[in-house]
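*Asks:* Contents are CSV, C-alpha atoms; file name data_12.csv:
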chain,number,residue,atom,x,y,z
P,1,LYS,CA,-29.8,-38.5,-18.0
P,2,LYS,CA,-28.9,-34.9,-17.6
P,3,LYS,CA,-25.2,-34.3,-17.5
P,4,LYS,CA,-24.0,-32.7,-14.3
P,5,LYS,CA,-22.4,-29.3,-14.8
P,6,LYS,CA,-18.9,-29.0,-13.5
P,7,LYS,CA,-18.5,-26.4,-10.8
P,8,LYS,CA,-16.1,-23.7,-11.5
P,9,ASN,CA,-13.4,-23.3,-8.9
P,10,LYS,CA,-13.6,-20.0,-7.0
P,11,ILE,CA,-10.3,-18.2,-6.4
P,12,ASN,CA,-10.4,-19.1,-2.7
P,13,GLU,CA,-10.9,-22.8,-3.6
P,14,ASN,CA,-8.0,-22.9,-5.9
P,15,PRO,CA,-5.3,-25.3,-4.3
P,16,PHE,CA,-2.6,-23.0,-5.7
P,17,HIS,CA,-4.0,-19.7,-4.5
P,18,LYS,CA,-1.3,-19.3,-1.8
P,19,SER,CA,1.6,-20.2,-4.1
P,20,PRO,CA,3.3,-17.7,-6.4
P,21,ILE,CA,2.1,-18.0,-10.0
P,22,TYR,CA,4.9,-16.8,-12.3
P,23,VAL,CA,4.0,-15.2,-15.6
P,24,ALA,CA,6.1,-13.8,-18.5
P,25,GLU,CA,7.1,-10.3,-17.8
P,26,GLY,CA,5.7,-9.0,-21.0
P,27,SER,CA,2.2,-10.4,-20.2
P,28,TYR,CA,2.2,-9.4,-16.6
P,29,LYS,CA,0.3,-6.2,-17.0
P,30,GLY,CA,-2.6,-8.1,-18.5
P,31,TYR,CA,-3.3,-9.7,-15.2
P,32,LEU,CA,-3.7,-6.5,-13.3
P,33,PRO,CA,-7.5,-6.4,-13.4
P,34,ALA,CA,-7.5,-9.7,-11.6
P,35,LEU,CA,-4.9,-8.9,-9.0
P,36,PRO,CA,-7.2,-7.9,-6.2
P,37,LYS,CA,-8.5,-11.4,-6.2
P,38,ILE,CA,-5.5,-13.3,-7.6
P,39,SER,CA,-2.8,-11.6,-5.5
P,40,ASN,CA,-0.1,-14.2,-5.9
P,41,ILE,CA,0.6,-13.5,-9.6
P,42,VAL,CA,4.2,-12.3,-10.0
P,43,PRO,CA,6.5,-11.6,-13.0
P,44,GLU,CA,9.3,-13.9,-13.8
P,45,ASN,CA,13.0,-13.1,-12.9
P,46,THR,CA,12.2,-10.8,-10.1
P,47,VAL,CA,14.7,-9.1,-7.9
P,48,SER,CA,14.8,-8.1,-4.2
P,49,ALA,CA,16.8,-5.2,-2.9
P,50,ASN,CA,17.9,-3.9,0.5
P,51,LEU,CA,19.3,-0.4,0.4
P,52,HIS,CA,20.7,1.9,3.0
P,53,VAL,CA,21.2,5.6,2.4
P,54,THR,CA,23.2,7.9,4.7
P,55,SER,CA,21.9,11.2,3.4
P,56,VAL,CA,18.8,12.6,1.6
P,57,SER,CA,18.6,12.8,-2.2
P,58,THR,CA,20.9,9.8,-2.7
P,59,LEU,CA,18.5,7.0,-3.4
P,60,ALA,CA,18.5,7.5,-7.2
P,61,GLU,CA,22.3,7.1,-7.2
P,62,LYS,CA,21.9,3.9,-5.2
P,63,LEU,CA,19.4,2.6,-7.8
P,64,LYS,CA,21.4,3.7,-10.8
P,65,ASP,CA,23.1,0.3,-11.4
P,66,SER,CA,20.1,-1.8,-10.5
P,67,ASP,CA,17.7,-3.4,-13.0
P,68,THR,CA,14.8,-1.4,-11.5
P,69,ALA,CA,12.2,-2.9,-13.8
P,70,ARG,CA,12.7,-6.3,-12.1
P,71,ILE,CA,12.7,-5.0,-8.5
P,72,THR,CA,9.5,-6.3,-6.8
P,73,ARG,CA,10.6,-6.3,-3.2
P,74,LEU,CA,12.5,-3.4,-1.7
P,75,THR,CA,13.6,-2.5,1.8
P,76,ILE,CA,15.1,1.0,2.4
P,77,SER,CA,16.7,2.4,5.6
P,78,GLY,CA,18.0,5.9,6.3
P,79,PRO,CA,16.8,9.5,5.6
P,80,LEU,CA,14.5,10.2,2.6
P,81,ASN,CA,13.2,13.4,1.1
P,82,GLY,CA,11.1,14.3,-1.9
P,83,ASP,CA,13.9,13.4,-4.3
P,84,ASP,CA,14.1,9.9,-2.9
P,85,ILE,CA,10.3,9.4,-3.0
P,86,VAL,CA,10.4,10.4,-6.7
P,87,ALA,CA,13.1,7.8,-7.2
P,88,ILE,CA,10.7,5.2,-5.6
P,89,HIS,CA,8.0,6.3,-8.1
P,90,GLY,CA,10.1,4.8,-10.9
P,91,LEU,CA,9.9,1.3,-9.4
P,92,THR,CA,6.5,0.6,-10.9
P,93,ASN,CA,6.8,-3.2,-10.5
P,94,LEU,CA,7.1,-3.1,-6.7
P,95,MET,CA,4.9,-5.5,-4.8
P,96,TYR,CA,6.5,-5.2,-1.4
P,97,LEU,CA,8.0,-2.0,0.2
P,98,ASP,CA,9.5,-1.9,3.7
P,99,LEU,CA,10.3,1.6,4.9
P,100,SER,CA,10.2,0.8,8.6
P,101,MET,CA,13.8,1.9,9.2
P,102,ALA,CA,13.6,5.0,6.9
P,103,ASP,CA,13.0,8.6,8.1
P,104,ILE,CA,11.0,11.2,6.1
P,105,HIS,CA,12.6,14.6,5.9
P,106,GLU,CA,11.3,17.9,4.5
P,107,GLY,CA,12.8,19.1,1.2
P,108,GLY,CA,13.8,17.8,-2.2
P,109,SER,CA,11.5,17.6,-5.2
P,110,ALA,CA,7.8,18.1,-5.1
P,111,ILE,CA,5.8,14.9,-5.6
P,112,SER,CA,4.0,15.3,-8.9
P,113,GLY,CA,1.1,13.3,-10.1
P,114,LYS,CA,-2.7,13.2,-10.2
P,115,TYR,CA,-3.0,14.7,-6.7
P,116,TYR,CA,-1.9,18.1,-7.9
P,117,MET,CA,-5.4,18.6,-9.3
P,118,SER,CA,-6.8,18.3,-5.8
P,119,GLY,CA,-5.1,21.5,-4.6
P,120,ILE,CA,-3.0,19.6,-2.0
P,121,THR,CA,0.7,20.5,-1.9
P,122,CYS,CA,2.6,17.4,-2.6
P,123,CYS,CA,5.8,18.0,-0.7
P,124,THR,CA,7.6,16.0,1.9
P,125,HIS,CA,7.4,17.1,5.6
P,126,ASP,CA,9.3,15.8,8.6
P,127,ASN,CA,7.9,12.5,9.8
P,128,SER,CA,4.9,12.6,7.6
P,129,ILE,CA,3.4,10.6,4.7
P,130,GLY,CA,1.8,13.0,2.4
P,131,ALA,CA,-0.5,13.1,-0.7
P,132,GLY,CA,0.6,11.0,-3.6
P,133,PHE,CA,3.5,9.5,-1.8
P,134,PHE,CA,3.1,6.1,-3.6
P,135,HIS,CA,0.7,7.0,-6.4
P,136,THR,CA,2.7,5.3,-9.2
P,137,LEU,CA,3.0,1.9,-7.4
P,138,ASN,CA,0.0,0.4,-8.9
P,139,ILE,CA,0.6,-3.3,-8.1
P,140,LEU,CA,1.9,-2.9,-4.5
P,141,HIS,CA,0.7,-5.6,-2.2
P,142,ASP,CA,2.4,-5.0,1.1
P,143,LEU,CA,3.5,-1.6,2.6
P,144,ILE,CA,5.4,-1.1,5.8
P,145,LEU,CA,5.6,2.6,6.8
P,146,PRO,CA,8.5,4.3,8.7
P,147,ASN,CA,8.5,3.8,12.5
P,148,SER,CA,9.3,7.4,12.9
P,149,VAL,CA,6.2,8.7,11.0
P,150,THR,CA,3.7,10.6,13.2
P,151,THR,CA,1.1,11.7,10.5
P,152,ILE,CA,-0.5,9.9,7.6
P,153,GLY,CA,-1.7,12.7,5.4
P,154,GLU,CA,-4.6,13.2,3.1
P,155,LEU,CA,-4.9,11.1,-0.1
P,156,SER,CA,-1.7,9.2,0.9
P,157,TYR,CA,-2.3,6.1,-1.2
P,158,GLU,CA,-5.0,4.7,-3.4
P,159,CYS,CA,-4.2,1.3,-4.9
P,160,LYS,CA,-6.5,-1.6,-6.1
P,161,THR,CA,-4.0,-4.3,-5.2
P,162,LEU,CA,-2.7,-3.2,-1.7
P,163,ARG,CA,-3.4,-6.1,0.8
P,164,THR,CA,-1.6,-5.1,4.0
P,165,VAL,CA,-0.4,-1.8,5.6
P,166,ARG,CA,1.7,-1.7,8.7
P,167,LEU,CA,2.0,1.5,10.6
P,168,GLY,CA,4.7,2.5,13.1
P,169,ASN,CA,4.0,3.0,16.8
P,170,ASN,CA,4.3,6.8,16.6
P,171,VAL,CA,1.5,7.6,14.3
P,172,ARG,CA,-0.9,10.0,15.9
P,173,GLU,CA,-3.2,11.0,13.0
P,174,ILE,CA,-4.6,9.4,9.8
P,175,GLY,CA,-5.8,12.1,7.4
P,176,GLN,CA,-8.8,12.5,5.2
P,177,GLN,CA,-9.1,9.8,2.5
P,178,ALA,CA,-5.7,8.5,3.5
P,179,PHE,CA,-6.4,4.9,2.3
P,180,THR,CA,-9.6,5.5,0.3
P,181,ARG,CA,-10.6,2.9,-2.4
P,182,ASN,CA,-7.9,0.4,-1.5
P,183,TYR,CA,-10.3,-2.3,-2.6
P,184,ALA,CA,-8.0,-5.3,-1.7
P,185,LEU,CA,-6.9,-4.0,1.7
P,186,ARG,CA,-7.4,-6.8,4.2
P,187,SER,CA,-5.3,-5.8,7.1
P,188,ILE,CA,-4.0,-2.6,8.8
P,189,ASN,CA,-2.9,-2.1,12.3
P,190,LEU,CA,-3.9,1.0,14.3
P,191,PRO,CA,-1.2,1.5,16.9
P,192,SER,CA,-2.2,2.8,20.4
P,193,SER,CA,-0.6,6.2,19.6
P,194,ILE,CA,-3.4,7.2,17.2
P,195,THR,CA,-5.9,9.8,18.5
P,196,LYS,CA,-7.5,11.0,15.3
P,197,ILE,CA,-8.9,9.4,12.1
P,198,GLY,CA,-10.0,11.8,9.3
P,199,PRO,CA,-13.2,11.6,7.2
P,200,ASN,CA,-13.4,8.9,4.6
P,201,ALA,CA,-10.0,7.5,5.7
P,202,PHE,CA,-10.9,4.0,4.7
P,203,GLU,CA,-13.8,4.6,2.4
P,204,GLY,CA,-14.2,1.8,-0.2
P,205,CYS,CA,-11.9,-0.6,1.5
P,206,GLU,CA,-14.2,-3.5,0.4
P,207,SER,CA,-12.0,-6.3,1.7
P,208,LEU,CA,-11.4,-5.0,5.2
P,209,GLU,CA,-13.0,-7.4,7.6
P,210,SER,CA,-12.1,-6.2,11.0
P,211,ILE,CA,-10.3,-3.3,12.8
P,212,THR,CA,-9.3,-2.6,16.3
P,213,LEU,CA,-9.5,1.0,17.4
P,214,PRO,CA,-7.0,2.3,20.0
P,215,ASP,CA,-8.1,3.0,23.5
P,216,ASP,CA,-7.0,6.7,23.4
P,217,ILE,CA,-8.6,7.7,20.2
P,218,THR,CA,-10.6,10.9,20.6
P,219,GLU,CA,-11.9,11.6,17.1
P,220,ILE,CA,-13.3,9.5,14.3
P,221,ARG,CA,-14.7,11.7,11.5
P,222,ASP,CA,-17.6,11.1,9.1
P,223,TYR,CA,-17.7,8.2,6.7
P,224,THR,CA,-14.4,6.7,7.9
P,225,PHE,CA,-15.5,3.2,7.0
P,226,LYS,CA,-18.1,4.0,4.3
P,227,GLY,CA,-18.3,1.3,1.7
P,228,CYS,CA,-16.3,-1.2,3.8
P,229,LYS,CA,-18.9,-3.9,2.9
P,230,SER,CA,-16.9,-6.8,4.4
P,231,LEU,CA,-16.3,-5.1,7.7
P,232,LYS,CA,-17.8,-7.4,10.4
P,233,THR,CA,-16.1,-6.3,13.6
P,234,VAL,CA,-14.9,-3.0,15.1
P,235,GLU,CA,-13.2,-3.5,18.4
P,236,MET,CA,-12.6,-0.7,20.9
In C-alpha cells, write the structure found in this file.
*Replies:*
Amino acid sequence: KKKKKKKKNKINENPFHKSPIYVAEGSYKGYLPALPKISNIVPENTVSANLHVTSVSTLAEKLKDSDTARITRLTISGPLNGDDIVAIHGLTNLMYLDLSMADIHEGGSAISGKYYMSGITCCTHDNSIGAGFFHTLNILHDLILPNSVTTIGELSYECKTLRTVRLGNNVREIGQQAFTRNYALRSINLPSSITKIGPNAFEGCESLESITLPDDITEIRDYTFKGCKSLKTVEM
C-alpha cells in the first residue's frame, strides 16, 4: 500500500495563526521575510507606550528614558514636526503606531532617507503626511494617521508588513504612489472627504481585497490599483 502523504498546513489553516507567536529578540529579524504571511510573530519582552507632547521638537526628549528597542506599540498625541518624525524613525521595532490625536506641523528636521533620490523634498508641512514619513518602520503592521491630516503625499509609505491603515475624516487627497507596494495591506478606509486619488496610489497592494470609494470623489488617476491581484470588489 502506498503511504499517504501528510498535507502541509497552510498559514491560514494553522490553529495558532491568530495568536501571538513570541520569539527571542535576537532571532526576530530572521522572521521578517515571512511576516507578510505570518503577521502574528512578535519579539519577546515588548513594551507599549502612550506619549503626549505639548510642543513640537520634544518627542526625542520624551523617549530619552525609554527602552526604545523594545517599543512595539506606540500612541502619540500633540503637535509633531520634522524633528519628532525623525525621533519616530529610531523606533525600528514598532508594529503598531497610533497618531490619531497628533497634529503635523511644518518645520524641524528634513526627513532623510531613500526618498531623497526621487527629487521629492522630504519636509513636514501642516496637516500633511509627506514622502518618507515612515520609511524606517519596516515591520509596522497597523498605522492610524492623524485626524487633522488633509493630504497624504507622494511616496508616503512602502512597507511589506503593513496590514491596516486608518485615515482621518479630513483627508481630501491621496498622492502619487502613496501606498505603493504595501504587499500585506488588507484594509484601508477611504473617508467621504476624499476627492482625489493620485496615480499608482495603491499599486502592488497584493492583499487588498475590497475598497469603497467615497461618493464625492472627482478624480482617480491612472494605475491606482495596478497589481492589486486580490482586489475583488470596488464599491462606489
*Asks:* What would the list of residues within 9 Å of (-1.8, -2.5, -3.1) (file frame) look like as a list in words, if all atoms listed in the file are what count?
*Replies:*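 Residues lying no farther than 9 Å from the given point: Pro36, Met95, Tyr96, Leu137, Asn138, Ile139, Leu140, His141, Asp142, Leu143, Tyr157, Glu158, Cys159, Lys160, Thr161, Leu162, Arg163, Thr164, Val165, Asn182, Tyr183, Ala184 and Leu185 of chain P.
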*Asks:* Compile the contact shell of Asp84 in chain P as a VMD selection string: residues with an atom at most 7 Å away, counting all atoms listed in the file, same-chain residues fewer than 5 positions apart removed.
*Replies:* chain P and resid 57 to 60
*Asks:* Can you work out the spacing between CA of Pro214 in chain P and CA of Ile197 in chain P in Å, to one decimal?
*Replies:* 10.8 Å
*Asks:* Skipping near chain neighbours, those fewer than 6 positions away, what residues fall within 8 Å of range 202-206 of chain P using only C-alpha atoms, listed as a list in words?
*Replies:*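 Answer for this query is Gln177, Ala178, Phe179, Thr180, Arg181, Asn182, Tyr183, Ala184, Leu185, Tyr223, Thr224, Phe225, Lys226, Gly227, Cys228, Lys229, Ser230 and Leu231 of chain P.
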*Asks:* Residues as selected, C-alpha atoms, written as a PDB file, in the frame of the given file, can you do that?
*Replies:*
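For reference, part_38.pdb as written:
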ATOM      1  CA  GLN P 177      -9.100   9.800   2.500  1.00  0.00           C
ATOM      2  CA  ALA P 178      -5.700   8.500   3.500  1.00  0.00           C
ATOM      3  CA  PHE P 179      -6.400   4.900   2.300  1.00  0.00           C
ATOM      4  CA  THR P 180      -9.600   5.500   0.300  1.00  0.00           C
ATOM      5  CA  ARG P 181     -10.600   2.900  -2.400  1.00  0.00           C
ATOM      6  CA  ASN P 182      -7.900   0.400  -1.500  1.00  0.00           C
ATOM      7  CA  TYR P 183     -10.300  -2.300  -2.600  1.00  0.00           C
ATOM      8  CA  ALA P 184      -8.000  -5.300  -1.700  1.00  0.00           C
ATOM      9  CA  LEU P 185      -6.900  -4.000   1.700  1.00  0.00           C
ATOM     10  CA  TYR P 223     -17.700   8.200   6.700  1.00  0.00           C
ATOM     11  CA  THR P 224     -14.400   6.700   7.900  1.00  0.00           C
ATOM     12  CA  PHE P 225     -15.500   3.200   7.000  1.00  0.00           C
ATOM     13  CA  LYS P 226     -18.100   4.000   4.300  1.00  0.00           C
ATOM     14  CA  GLY P 227     -18.300   1.300   1.700  1.00  0.00           C
ATOM     15  CA  CYS P 228     -16.300  -1.200   3.800  1.00  0.00           C
ATOM     16  CA  LYS P 229     -18.900  -3.900   2.900  1.00  0.00           C
ATOM     17  CA  SER P 230     -16.900  -6.800   4.400  1.00  0.00           C
ATOM     18  CA  LEU P 231     -16.300  -5.100   7.700  1.00  0.00           C
TER      19      LEU P 231
END
*Asks:* Which residue out of P:Ala110, P:Leu190, P:Val171, P:Ala102 has the minimum interatomic distance to Thr54 in chain P when all atoms listed in the file are used?
*Replies:*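 Checking each of P:Ala110, P:Leu190, P:Val171, P:Ala102 against Thr54 in chain P, counting all atoms listed in the file, the winner is P:Ala102.
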*Asks:* Using only C-alpha atoms, find the one residue out of P:Asn170, P:Ser77, P:Thr233, P:Ser66 that sits nearest to Ile211 in chain P.
*Replies:*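 So, comparing all the options, the nearest one is P:Thr233.
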*Asks:* What's the separation between CA of His89 in chain P and CA of Pro199 in chain P, in Å to one decimal place?
*Replies:*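 Separating CA of His89 in chain P from CA of Pro199 in chain P is a distance of 26.7 Å.
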*Asks:* Please report the interatomic distance between CA of Gly132 in chain P and CA of Asp216 in chain P in Å with one decimal.
*Replies:*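 Distance between the two atoms: 28.4 Å.
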*Asks:* Counting only C-alpha atoms, which residue out of P:Thr136, P:Glu219, P:Glu209, P:Asn147 sits closest to Leu99 in chain P?
*Replies:*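 So, comparing all the options, the nearest one is P:Asn147.
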*Asks:* Using all atoms listed in the file, which of P:Asn81, P:Thr124, P:Thr195, P:Thr72 sits nearest Ile220 in chain P?
*Replies:*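 Going through P:Asn81, P:Thr124, P:Thr195, P:Thr72 one by one, the smallest distance to Ile220 in chain P is for P:Thr195.
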